[in-house]
file data.cif (mmCIF, C-alpha atoms and all ligand atoms)
data_model
#
loop_
_atom_site.label_atom_id
_atom_site.label_comp_id
_atom_site.auth_asym_id
_atom_site.auth_seq_id
_atom_site.Cartn_x
_atom_site.Cartn_y
_atom_site.Cartn_z
CA MET A 1 112.89 168.98 175.51
CA ASN A 2 112.53 172.21 177.46
CA SER A 3 109.46 174.34 177.11
CA GLU A 4 108.50 177.54 178.82
CA HIS A 5 106.85 175.31 181.43
CA GLY A 6 109.91 173.26 182.27
CA PHE A 7 111.02 169.87 181.08
CA GLN A 8 108.63 168.11 178.78
CA GLU A 9 108.76 165.18 176.38
CA VAL A 10 106.34 164.81 173.50
CA VAL A 11 106.12 161.40 171.84
CA TRP A 12 104.09 161.29 168.64
CA VAL A 13 102.16 158.20 167.69
CA GLU A 14 102.44 158.28 163.91
CA LEU A 15 99.21 156.98 162.43
CA GLY A 16 98.84 159.23 159.39
CA GLU A 17 95.87 161.55 159.74
CA ARG A 18 95.17 160.10 163.16
CA ARG A 19 98.64 160.91 164.57
CA TYR A 20 98.55 162.15 168.14
CA PRO A 21 100.92 163.43 170.80
CA ILE A 22 101.69 161.90 174.18
CA VAL A 23 102.78 164.82 176.33
CA VAL A 24 104.77 163.83 179.42
CA ALA A 25 105.49 166.71 181.78
CA ASP A 26 105.20 167.52 185.46
CA GLY A 27 102.17 169.76 185.89
CA VAL A 28 100.67 169.16 182.44
CA LEU A 29 97.26 168.60 184.08
CA ASP A 30 97.10 172.35 184.45
CA ARG A 31 97.80 172.90 180.76
CA ALA A 32 94.96 170.75 179.43
CA GLY A 33 93.28 173.84 177.96
CA GLU A 34 96.29 174.72 175.81
CA TRP A 35 96.55 171.22 174.46
CA PHE A 36 92.81 171.07 173.85
CA LEU A 37 93.19 173.93 171.38
CA GLN A 38 96.49 172.69 170.00
CA VAL A 39 95.04 169.37 168.82
CA GLY A 40 92.01 171.12 167.36
CA LEU A 41 89.18 169.98 169.62
CA SER A 42 85.98 171.92 169.33
CA PRO A 43 85.52 174.69 171.93
CA GLY A 44 81.90 175.22 170.89
CA SER A 45 80.70 171.85 172.20
CA VAL A 46 80.26 170.39 175.68
CA HIS A 47 82.99 167.94 176.81
CA LEU A 48 82.91 165.20 179.41
CA ILE A 49 85.54 164.16 181.95
CA VAL A 50 85.20 160.58 183.20
CA THR A 51 87.00 159.72 186.40
CA ASP A 52 86.73 157.43 189.42
CA GLU A 53 86.07 158.35 193.03
CA THR A 54 89.67 157.87 194.23
CA VAL A 55 91.15 159.96 191.46
CA ARG A 56 88.53 162.62 191.97
CA ALA A 57 89.35 162.79 195.67
CA ALA A 58 93.00 163.39 194.72
CA GLY A 59 91.85 166.50 192.83
CA TYR A 60 93.20 165.72 189.35
CA PRO A 61 89.97 165.97 187.31
CA GLU A 62 89.23 169.30 188.92
CA ARG A 63 92.56 170.66 187.68
CA VAL A 64 91.88 169.43 184.16
CA ALA A 65 88.40 170.98 184.27
CA ALA A 66 89.78 174.29 185.58
CA SER A 67 92.37 174.44 182.83
CA LEU A 68 89.76 173.72 180.16
CA GLY A 69 87.36 176.21 181.74
CA ALA A 70 90.04 178.91 181.64
CA ARG A 71 90.07 178.52 177.85
CA GLY A 72 86.31 178.89 177.69
CA VAL A 73 85.60 175.18 177.24
CA THR A 74 82.39 173.85 178.80
CA VAL A 75 83.11 170.64 180.64
CA LYS A 76 81.07 168.25 182.81
CA THR A 77 82.35 165.45 185.00
CA ALA A 78 81.04 161.90 185.51
CA GLU A 79 82.35 159.64 188.24
CA ILE A 80 82.45 155.85 188.49
CA PRO A 81 83.36 153.68 191.50
CA SER A 82 87.06 152.73 191.63
CA GLY A 83 88.01 149.24 190.54
CA GLU A 84 87.83 146.73 187.73
CA ARG A 85 84.13 145.99 188.34
CA SER A 86 83.20 149.36 186.88
CA LYS A 87 84.51 148.32 183.47
CA SER A 88 81.06 146.96 182.74
CA LEU A 89 78.18 147.33 180.32
CA GLU A 90 76.13 148.82 183.17
CA TRP A 91 78.61 151.63 183.74
CA ALA A 92 78.99 152.20 180.01
CA ALA A 93 75.19 152.66 179.85
CA LYS A 94 75.28 155.15 182.71
CA LEU A 95 77.99 157.11 180.92
CA TYR A 96 75.98 157.20 177.66
CA GLU A 97 73.14 158.71 179.67
CA ALA A 98 75.53 161.17 181.31
CA ALA A 99 76.90 162.18 177.91
CA LEU A 100 73.42 162.63 176.50
CA GLY A 101 72.23 164.51 179.58
CA ALA A 102 75.22 166.85 179.45
CA GLY A 103 74.50 167.62 175.80
CA LEU A 104 77.51 166.02 174.13
CA ASP A 105 77.33 166.13 170.34
CA ARG A 106 79.50 164.69 167.57
CA GLN A 107 82.09 167.45 168.01
CA SER A 108 82.41 166.74 171.74
CA SER A 109 85.26 164.88 173.40
CA ILE A 110 85.44 162.46 176.30
CA TRP A 111 88.38 162.75 178.70
CA ALA A 112 89.50 159.79 180.77
CA VAL A 113 91.22 161.05 183.92
CA GLY A 114 92.37 158.00 185.88
CA GLY A 115 93.96 154.58 185.59
CA GLY A 116 93.46 151.87 183.01
CA VAL A 117 89.93 151.12 184.17
CA VAL A 118 88.71 154.65 183.56
CA GLY A 119 90.67 154.77 180.29
CA ASP A 120 89.27 151.53 178.91
CA LEU A 121 85.68 152.31 179.91
CA ALA A 122 85.63 155.98 178.88
CA GLY A 123 87.39 155.02 175.65
CA PHE A 124 84.77 152.40 174.92
CA VAL A 125 82.04 154.97 175.47
CA ALA A 126 83.89 157.48 173.26
CA ALA A 127 84.24 154.84 170.53
CA THR A 128 80.52 154.13 170.46
CA TYR A 129 78.63 157.24 171.58
CA MET A 130 77.16 158.79 168.42
CA ARG A 131 79.30 156.29 166.45
CA GLY A 132 82.44 157.72 167.96
CA VAL A 133 83.56 161.03 169.44
CA ALA A 134 87.03 162.36 170.19
CA PHE A 135 88.83 160.74 173.09
CA VAL A 136 91.56 162.12 175.35
CA GLN A 137 93.57 160.10 177.85
CA VAL A 138 94.91 161.60 181.06
CA PRO A 139 96.49 158.57 182.76
CA THR A 140 97.13 158.77 186.50
CA THR A 141 98.76 155.39 187.17
CA TRP A 142 102.11 153.96 186.06
CA LEU A 143 100.29 151.01 184.55
CA ALA A 144 98.19 153.30 182.41
CA HIS A 145 101.26 154.41 180.46
CA ASP A 146 100.69 151.13 178.69
CA ALA A 147 96.89 151.25 178.65
CA ALA A 148 96.58 154.89 177.52
CA VAL A 149 98.58 154.45 174.33
CA GLY A 150 97.40 152.41 171.39
CA GLY A 151 93.66 152.78 171.21
CA LYS A 152 92.51 149.46 172.62
CA VAL A 153 89.36 150.15 174.63
CA ALA A 154 87.12 147.59 176.25
CA ILE A 155 84.69 146.54 178.91
CA ASN A 156 84.38 143.21 180.73
CA LEU A 157 81.50 140.77 180.81
CA PRO A 158 80.87 139.19 184.22
CA ARG A 159 83.22 136.26 183.63
CA VAL A 160 85.46 137.45 180.82
CA LYS A 161 87.80 140.41 180.80
CA ASN A 162 88.08 142.83 177.87
CA VAL A 163 85.80 140.72 175.68
CA VAL A 164 83.76 143.61 174.25
CA GLY A 165 85.76 146.45 172.81
CA ALA A 166 87.06 148.49 169.93
CA PHE A 167 90.09 150.21 168.53
CA HIS A 168 89.66 153.91 169.12
CA GLN A 169 92.83 156.00 169.17
CA PRO A 170 92.91 159.03 171.44
CA ARG A 171 93.45 162.49 169.98
CA LEU A 172 95.79 163.40 172.80
CA VAL A 173 97.45 161.80 175.81
CA LEU A 174 98.44 164.07 178.70
CA TYR A 175 100.67 162.37 181.22
CA ASP A 176 101.48 164.25 184.40
CA PRO A 177 103.97 162.17 186.42
CA THR A 178 103.34 164.19 189.57
CA ALA A 179 99.87 162.60 189.66
CA LEU A 180 101.67 159.32 190.35
CA ASP A 181 102.87 160.62 193.72
CA SER A 182 99.60 159.65 195.38
CA LEU A 183 99.85 155.98 194.30
CA SER A 184 100.72 153.26 196.78
CA ARG A 185 104.15 151.72 196.47
CA ARG A 186 102.47 148.52 195.38
CA ASP A 187 100.71 150.23 192.48
CA VAL A 188 103.92 151.96 191.43
CA ALA A 189 105.72 148.60 191.36
CA SER A 190 102.88 146.99 189.44
CA GLY A 191 103.05 149.67 186.75
CA LEU A 192 106.82 149.39 186.51
CA ALA A 193 106.39 145.76 185.47
CA GLU A 194 105.14 147.08 182.13
CA VAL A 195 108.22 149.30 181.82
CA VAL A 196 110.41 146.23 182.32
CA LYS A 197 108.25 144.48 179.72
CA HIS A 198 108.72 147.25 177.18
CA GLY A 199 112.48 147.11 177.73
CA SER A 200 112.51 143.31 177.47
CA ILE A 201 110.70 143.13 174.15
CA ARG A 202 112.55 145.85 172.25
CA ASP A 203 114.79 148.17 174.22
CA ALA A 204 117.65 146.47 176.05
CA GLU A 205 118.97 149.88 177.10
CA LEU A 206 115.74 150.69 178.91
CA PHE A 207 115.95 147.32 180.65
CA ASP A 208 119.55 148.09 181.65
CA ARG A 209 118.53 151.45 183.01
CA VAL A 210 115.86 149.95 185.26
CA GLU A 211 118.35 147.27 186.29
CA ARG A 212 120.91 149.90 187.28
CA LEU A 213 118.35 151.97 189.16
CA GLY A 214 117.21 148.99 191.21
CA GLU A 215 114.88 149.91 194.04
CA SER A 216 115.42 153.63 193.48
CA VAL A 217 113.30 153.46 190.32
CA LEU A 218 110.32 153.51 192.69
CA TYR A 219 111.31 156.96 193.90
CA LEU A 220 112.28 158.67 190.65
CA ARG A 221 111.08 162.23 190.34
CA GLY A 222 111.41 165.19 187.99
CA VAL A 223 113.29 164.95 184.71
CA GLU A 224 114.42 161.37 185.28
CA ARG A 225 110.89 160.13 185.78
CA VAL A 226 109.60 162.08 182.78
CA ARG A 227 112.34 160.54 180.63
CA LEU A 228 111.68 156.99 181.80
CA LEU A 229 107.93 157.27 181.26
CA ALA A 230 108.33 158.90 177.86
CA ARG A 231 110.75 156.22 176.73
CA SER A 232 108.44 153.44 177.79
CA CYS A 233 105.49 155.18 176.09
CA ALA A 234 107.62 155.56 172.95
CA ILE A 235 108.14 151.80 172.74
CA LYS A 236 104.42 151.22 172.95
CA ALA A 237 103.93 153.93 170.32
CA ARG A 238 106.40 152.33 167.88
CA VAL A 239 104.78 148.91 168.28
CA VAL A 240 101.32 150.39 167.68
CA GLU A 241 102.52 152.27 164.59
CA GLU A 242 103.87 149.07 163.10
CA ASP A 243 100.87 146.96 163.91
CA GLU A 244 97.83 148.91 165.06
CA ARG A 245 95.42 145.96 164.88
CA GLU A 246 97.63 143.30 166.43
CA ALA A 247 98.31 141.18 163.37
CA GLY A 248 101.97 140.71 164.28
CA VAL A 249 104.47 142.53 166.51
CA ARG A 250 101.81 144.06 168.74
CA ALA A 251 101.40 140.60 170.24
CA HIS A 252 104.88 141.03 171.75
CA LEU A 253 103.26 143.34 174.28
CA ASN A 254 101.75 140.18 175.72
CA LEU A 255 105.10 139.04 177.11
CA GLY A 256 104.41 137.53 180.53
CA HIS A 257 100.67 137.86 180.05
CA THR A 258 99.89 134.20 179.31
CA LEU A 259 100.91 132.82 182.69
CA GLY A 260 100.04 136.24 184.13
CA HIS A 261 96.48 135.81 182.96
CA SER A 262 96.29 132.38 184.62
CA LEU A 263 97.45 133.91 187.89
CA GLU A 264 94.94 136.73 187.67
CA THR A 265 92.13 134.28 186.93
CA LEU A 266 93.07 131.86 189.72
CA GLY A 267 93.50 134.77 192.12
CA ASP A 268 90.03 136.01 191.19
CA TYR A 269 91.52 139.34 190.05
CA ARG A 270 91.95 140.30 193.69
CA ARG A 271 95.07 138.54 194.84
CA PHE A 272 97.43 140.04 192.27
CA ARG A 273 97.72 143.44 190.73
CA HIS A 274 97.98 143.13 186.96
CA GLY A 275 101.68 144.03 186.90
CA GLU A 276 102.46 141.56 189.67
CA ALA A 277 100.94 138.70 187.71
CA VAL A 278 102.80 139.86 184.60
CA ALA A 279 106.07 139.95 186.56
CA VAL A 280 105.77 136.26 187.46
CA GLY A 281 104.75 135.57 183.87
CA MET A 282 107.82 137.33 182.48
CA VAL A 283 110.16 135.24 184.63
CA PHE A 284 108.34 132.18 183.35
CA ALA A 285 108.57 133.36 179.73
CA ALA A 286 112.30 133.99 180.16
CA LEU A 287 112.76 130.49 181.55
CA LEU A 288 110.79 128.96 178.69
CA SER A 289 112.91 131.06 176.32
CA GLU A 290 116.03 129.42 177.73
CA MET A 291 114.49 125.95 177.38
CA TRP A 292 112.78 126.26 173.99
CA LEU A 293 114.43 129.11 172.15
CA GLY A 294 118.03 128.82 173.29
CA ALA A 295 118.09 132.15 175.09
CA ALA A 296 121.26 132.59 177.14
CA PRO A 297 121.24 130.67 180.42
CA GLY A 298 120.69 133.14 183.22
CA THR A 299 118.17 135.26 181.29
CA ALA A 300 115.37 134.27 183.69
CA LYS A 301 117.58 134.94 186.73
CA ARG A 302 118.40 138.38 185.42
CA MET A 303 114.73 139.12 184.79
CA ALA A 304 113.80 137.91 188.28
CA ALA A 305 116.52 140.00 189.93
CA VAL A 306 115.30 143.22 188.29
CA LEU A 307 111.69 142.57 189.24
CA GLU A 308 112.51 141.53 192.78
CA ARG A 309 114.40 144.73 193.47
CA ILE A 310 111.32 146.72 192.45
CA GLY A 311 109.35 144.65 194.96
CA LEU A 312 107.53 142.45 192.45
CA PRO A 313 106.87 138.73 192.84
CA THR A 314 108.70 136.22 190.65
CA GLY A 315 107.39 132.83 191.80
CA VAL A 316 104.19 130.90 191.17
CA PRO A 317 102.05 130.60 194.33
CA ARG A 318 102.38 127.20 195.99
CA ASP A 319 98.62 126.77 196.24
CA PHE A 320 98.06 127.08 192.47
CA GLU A 321 98.28 123.65 190.86
CA ASP A 322 100.12 123.08 187.61
CA GLU A 323 97.06 121.91 185.72
CA ALA A 324 95.00 124.84 186.98
CA LEU A 325 97.65 127.17 185.60
CA LEU A 326 97.52 125.44 182.23
CA ARG A 327 93.76 125.47 181.89
CA PRO A 328 93.29 129.14 180.98
CA MET A 329 96.09 128.72 178.42
CA TYR A 330 94.08 126.05 176.61
CA SER A 331 91.08 128.32 176.27
CA ASP A 332 93.31 131.00 174.72
CA LYS A 333 92.23 131.88 171.18
CA LYS A 334 95.74 131.13 169.92
CA THR A 335 95.85 127.56 171.18
CA VAL A 336 95.58 124.99 168.40
CA GLY A 337 95.54 121.21 168.91
CA GLY A 338 96.96 121.34 172.43
CA LYS A 339 100.01 123.31 171.28
CA LEU A 340 100.49 126.63 172.97
CA THR A 341 101.62 130.04 171.81
CA PHE A 342 103.95 132.19 173.89
CA VAL A 343 105.79 135.43 173.46
CA LEU A 344 109.40 134.53 174.23
CA LEU A 345 112.73 136.34 174.30
CA GLU A 346 115.62 135.55 171.97
CA GLU A 347 117.49 137.83 174.32
CA ILE A 348 116.64 140.80 176.52
CA GLY A 349 115.45 143.44 174.05
CA ARG A 350 114.27 141.01 171.34
CA ALA A 351 110.92 139.23 171.48
CA LYS A 352 109.42 136.56 169.26
CA THR A 353 105.97 135.01 169.10
CA VAL A 354 106.45 131.24 169.19
CA ARG A 355 103.66 128.85 168.21
CA GLY A 356 103.35 125.13 168.64
CA ILE A 357 104.91 124.66 172.07
CA PRO A 358 103.75 121.28 173.47
CA ALA A 359 101.83 121.41 176.72
CA GLU A 360 104.33 118.95 178.20
CA THR A 361 107.16 121.44 177.69
CA VAL A 362 105.11 124.12 179.40
CA ARG A 363 104.47 121.72 182.29
CA GLN A 364 108.19 121.08 182.65
CA ALA A 365 108.85 124.80 182.63
CA ILE A 366 106.27 125.34 185.37
CA ARG A 367 108.00 122.72 187.54
CA ARG A 368 111.39 124.24 186.91
CA HIS A 369 110.01 127.70 187.66
CA ARG A 370 108.78 126.46 191.04
CA ARG A 371 112.21 125.00 191.87
CA GLU A 372 114.31 127.94 190.74
CA PHE A 373 112.02 130.78 191.74
CA PRO A 374 110.08 129.63 194.78
CA ASP A 375 107.05 131.60 195.85
CA GLY A 376 108.21 134.22 198.30
CA GLY A 377 104.86 134.47 200.06
CA PHE A 378 103.43 137.06 197.71
CA PRO A 379 101.25 139.08 197.84
CA PRO A 380 102.05 140.92 201.05
CA GLN A 381 99.28 140.72 203.60
CA GLY A 382 97.62 143.54 205.46
CA PRO A 383 98.12 147.29 205.32
CA GLY A 384 101.26 149.11 204.28
CA ASP A 385 100.62 148.47 200.59
N1 LIG A 401 93.81 149.20 176.78
C1 LIG A 401 94.98 148.65 176.98
O1 LIG A 401 95.80 148.55 176.07
C2 LIG A 401 95.33 148.17 178.35
C3 LIG A 401 96.64 147.80 178.65
C4 LIG A 401 96.94 147.41 179.95
C5 LIG A 401 95.94 147.41 180.91
N2 LIG A 401 94.66 147.76 180.58
C6 LIG A 401 93.60 147.78 181.58
O2 LIG A 401 93.96 148.68 182.61
C7 LIG A 401 93.32 148.29 183.82
C8 LIG A 401 94.31 148.36 184.94
O3 LIG A 401 94.84 149.66 185.01
P1 LIG A 401 95.22 150.35 186.40
O4 LIG A 401 96.16 149.50 187.16
O5 LIG A 401 95.61 151.74 186.10
O6 LIG A 401 93.84 150.21 187.18
P2 LIG A 401 92.82 151.22 187.85
O7 LIG A 401 92.33 152.20 186.89
O8 LIG A 401 91.83 150.35 188.52
O9 LIG A 401 93.71 151.95 188.95
C9 LIG A 401 94.17 151.25 190.08
C10 LIG A 401 93.70 151.91 191.38
O10 LIG A 401 94.42 153.13 191.58
C11 LIG A 401 93.52 154.21 191.81
N3 LIG A 401 94.22 155.38 191.27
C12 LIG A 401 94.34 155.76 189.98
N4 LIG A 401 95.14 156.82 189.89
C13 LIG A 401 95.54 157.14 191.15
C14 LIG A 401 96.40 158.12 191.69
N5 LIG A 401 97.06 158.97 190.91
N6 LIG A 401 96.57 158.16 193.03
C15 LIG A 401 95.95 157.26 193.83
N7 LIG A 401 95.14 156.29 193.37
C16 LIG A 401 94.95 156.23 192.03
C17 LIG A 401 92.27 153.82 191.13
O11 LIG A 401 91.15 154.47 191.70
C18 LIG A 401 92.23 152.31 191.38
O12 LIG A 401 91.70 152.07 192.65
C19 LIG A 401 92.78 146.91 183.57
O13 LIG A 401 91.38 146.98 183.43
C20 LIG A 401 93.43 146.47 182.27
O14 LIG A 401 92.63 145.60 181.53
C21 LIG A 401 94.36 148.16 179.32
ZN ZN A 402 99.64 144.35 180.78
#
call {"tool": "encode", "arguments": {"input": "data.cif", "output": "structure tokens", "more": "lines below"}}
Ligand SMILES: NC(=O)c1ccc[n+]([C@@H]2O[C@H](COP(=O)([O-])OP(=O)(O)OC[C@H]3O[C@@H](n4cnc5c(N)ncnc54)[C@H](O)[C@@H]3O)[C@@H](O)[C@H]2O)c1
Ligand SMILES: [Zn+2]
result
Amino acid sequence: MNSEHGFQEVVWVELGERRYPIVVADGVLDRAGEWFLQVGLSPGSVHLIVTDETVRAAGYPERVAASLGARGVTVKTAEIPSGERSKSLEWAAKLYEAALGAGLDRQSSIWAVGGGVVGDLAGFVAATYMRGVAFVQVPTTWLAHDAAVGGKVAINLPRVKNVVGAFHQPRLVLYDPTALDSLSRRDVASGLAEVVKHGSIRDAELFDRVERLGESVLYLRGVERVRLLARSCAIKARVVEEDEREAGVRAHLNLGHTLGHSLETLGDYRRFRHGEAVAVGMVFAALLSEMWLGAAPGTAKRMAAVLERIGLPTGVPRDFEDEALLRPMYSDKKTVGGKLTFVLLEEIGRAKTVRGIPAETVRQAIRRHRREFPDGGFPPQGPGD
């Protein structure tokens, strides 16, 4: 869609009275003020931008604040340290204080300008401050195109990720792809894993497109990038519309996340980026789909080839033992009587949640994964990320 500001895509998340737009457009950071008014936020109250130090240094929150200020909106900014450790009860408490100190009331809104960490934390604060105030997402990472849509907000406890949270849908998502230009190549690749995931679970054409683009998907700009992001956001939006509270199809978004979660845990959340762990997990899920669900032979190879060209890992690290990989799967809420639950693929573009897979089958799949997709020495060491 063309607007007076150039190419823009608007994807609506249809949730009745709580419907909201995801606006994807180069430069939309500088139009935050227009959208503020368009979605009916309250100009008479004080509003709070939450960001992290890296994103602030890149100048994005300042642009959002300037655009809001130009429309007469009073806005304050609170900053957290970059990284997953800030998604904590301690930082939530500091943000409650910041909100109170800045004078936020029930008509105020909280704006998350940053990646998934800022989004999850600021969203959690927005869900709970004064029993819930309006929330706006301004994602600045590729990965956050997944995190910023759908209203799941959370913080971590010291040993368990995302264990305290809420469903709190944003009123507006503003996605400026030019903000992604300052990301490292590694972070771009990690975020693209979720695009491949969205294609794999319900949009074979999107998967094909990424497959055709190969490595060049990392360097997309302009209209092409806007289109790709909007399409991937749209898949998330459709899934959320069908199943906001994850009673059914929303679980498909967990493709690759079961083994991925084991890798993240064993790597202490430092060795792998989220999308990297999910990439390995998706190859594994595709392999298990061939073994257990009768997916076409070669599905896992095709998955691995796409991910590899983006620069993502596909193999399980040699130093992670089979049983250690299985352990986190047993503690999964969905595990019953030693039988495991996985999101599998009937084919690329069609996912299915499969319960009751014996641990022995999973073990066999792990061994086969190691043989067919050997660890390529990931993650890369040293600088040049
Ligand atoms: N709520 C959900 O549905 C959902 C879904 C997926 C992931 N998540 C959560 O998202 C988090 C991961 O998201 P993430 O990868 O965006 O992490 P992140 O927010 O930690 O961002 C990654 C790094 O990039 C930096 N950064 C952000 N934007 C930048 C930019 N434009 N230029 C340069 N650097 C930038 C950040 O400071 C950080 O150091 C996890 O906590 C995960 O649990 C939530
Ligand atoms: Zn994910």
call {"tool": "residues_near_point", "arguments": {"input": "data.cif", "point": "(104.0, 131.1, 193.3)", "cutoff": "10 Å", "atoms": "all atoms listed in the file", "output": "VMD selection string"}}
result
chain A and resid 263 277 280 313 to 321 369 to 370 373 to 379
call {"tool": "residues_near_ligand", "arguments": {"input": "data.cif", "ligand": "ligand ZN 402 (chain A)", "cutoff": "7 Å", "atoms": "all atoms listed in the file", "output": "list in words"}}
result
Glu194, Asn254, His257, His274, Gly275 and Val278 of chain A
call {"tool": "closest_residue", "arguments": {"input": "data.cif", "among": "A:Val160, A:Leu174, A:Leu287, A:Ala99", "to": "Ala300 (chain A)", "atoms": "only C-alpha atoms"}}
result
A:Leu287
call {"tool": "closest_residue", "arguments": {"input": "data.cif", "among": "A:Arg309, A:Arg202, A:Arg238, A:His47", "to": "Glu346 (chain A)", "atoms": "all atoms listed in the file"}}
result
A:Arg202
call {"tool": "residues_near_ligand", "arguments": {"input": "data.cif", "ligand": "ligand LIG 401 (chain A)", "cutoff": "6 Å", "atoms": "all atoms listed in the file", "output": "ChimeraX atom specification"}}
result
/A:52,54-55,82-84,114-118,120,140-141,143-144,146-147,152-153,179-180,182-183
call {"tool": "atom_distance", "arguments": {"input": "data.cif", "atom1": "CA of Leu172 (chain A)", "atom2": "CA of Glu90 (chain A)"}}
result
26.6 Å
call {"tool": "closest_residue", "arguments": {"input": "data.cif", "among": "A:His261, A:Lys87, A:Arg185, A:Arg18", "to": "Gly311 (chain A)", "atoms": "only C-alpha atoms"}}
result
A:Arg185
call {"tool": "residues_around", "arguments": {"input": "data.cif", "residues": "Leu213 (chain A)", "least_positions_apart": "5", "cutoff": "12 Å", "atoms": "only C-alpha atoms", "output": "list in words"}}
result
Val196, Leu206, Phe207, Asp208, Leu218, Tyr219, Leu220, Glu224, Arg225, Leu228, Val306, Leu307, Arg309 and Ile310 of chain A
call {"tool": "closest_residue", "arguments": {"input": "data.cif", "among": "A:Arg355, A:Phe342, A:Gly349, A:Val28", "to": "Ser67 (chain A)", "atoms": "all atoms listed in the file"}}
result
A:Val28
call {"tool": "atom_distance", "arguments": {"input": "data.cif", "atom1": "CA of Glu205 (chain A)", "atom2": "CA of Leu345 (chain A)"}}
result
15.2 Å
call {"tool": "atom_distance", "arguments": {"input": "data.cif", "atom1": "CA of Gln169 (chain A)", "atom2": "CA of Lys94 (chain A)"}}
result
22.2 Å
call {"tool": "closest_residue", "arguments": {"input": "data.cif", "among": "A:Val24, A:Cys233, A:Met130, A:Ala122", "to": "Gly103 (chain A)", "atoms": "only C-alpha atoms"}}
result
A:Met130
call {"tool": "residues_around", "arguments": {"input": "data.cif", "residues": "Leu293 (chain A)", "least_positions_apart": "5", "cutoff": "12 Å", "atoms": "all atoms listed in the file", "output": "list in words"}}
result
Ala285, Ala286, Leu287, Leu288, Thr299, Phe342, Val343, Leu344, Leu345, Glu346, Glu347, Arg350, Ala351, Lys352, Thr353, Val354, Arg355, Ile357 and Thr361 of chain A
call {"tool": "write_last_selection", "arguments": {"input": "data.cif", "atoms": "C-alpha atoms", "output": "PDB file, keeping the file's coordinate frame"}}
result
ATOM      1  CA  ALA A 285     108.570 133.360 179.730  1.00  0.00           C
ATOM      2  CA  ALA A 286     112.300 133.990 180.160  1.00  0.00           C
ATOM      3  CA  LEU A 287     112.760 130.490 181.550  1.00  0.00           C
ATOM      4  CA  LEU A 288     110.790 128.960 178.690  1.00  0.00           C
ATOM      5  CA  THR A 299     118.170 135.260 181.290  1.00  0.00           C
ATOM      6  CA  PHE A 342     103.950 132.190 173.890  1.00  0.00           C
ATOM      7  CA  VAL A 343     105.790 135.430 173.460  1.00  0.00           C
ATOM      8  CA  LEU A 344     109.400 134.530 174.230  1.00  0.00           C
ATOM      9  CA  LEU A 345     112.730 136.340 174.300  1.00  0.00           C
ATOM     10  CA  GLU A 346     115.620 135.550 171.970  1.00  0.00           C
ATOM     11  CA  GLU A 347     117.490 137.830 174.320  1.00  0.00           C
ATOM     12  CA  ARG A 350     114.270 141.010 171.340  1.00  0.00           C
ATOM     13  CA  ALA A 351     110.920 139.230 171.480  1.00  0.00           C
ATOM     14  CA  LYS A 352     109.420 136.560 169.260  1.00  0.00           C
ATOM     15  CA  THR A 353     105.970 135.010 169.100  1.00  0.00           C
ATOM     16  CA  VAL A 354     106.450 131.240 169.190  1.00  0.00           C
ATOM     17  CA  ARG A 355     103.660 128.850 168.210  1.00  0.00           C
ATOM     18  CA  ILE A 357     104.910 124.660 172.070  1.00  0.00           C
ATOM     19  CA  THR A 361     107.160 121.440 177.690  1.00  0.00           C
TER      20      THR A 361
END
call {"tool": "closest_residue", "arguments": {"input": "data.cif", "among": "A:Val125, A:Ile348, A:Leu312, A:Ile22", "to": "Gln8 (chain A)", "atoms": "only C-alpha atoms"}}
result
A:Ile22
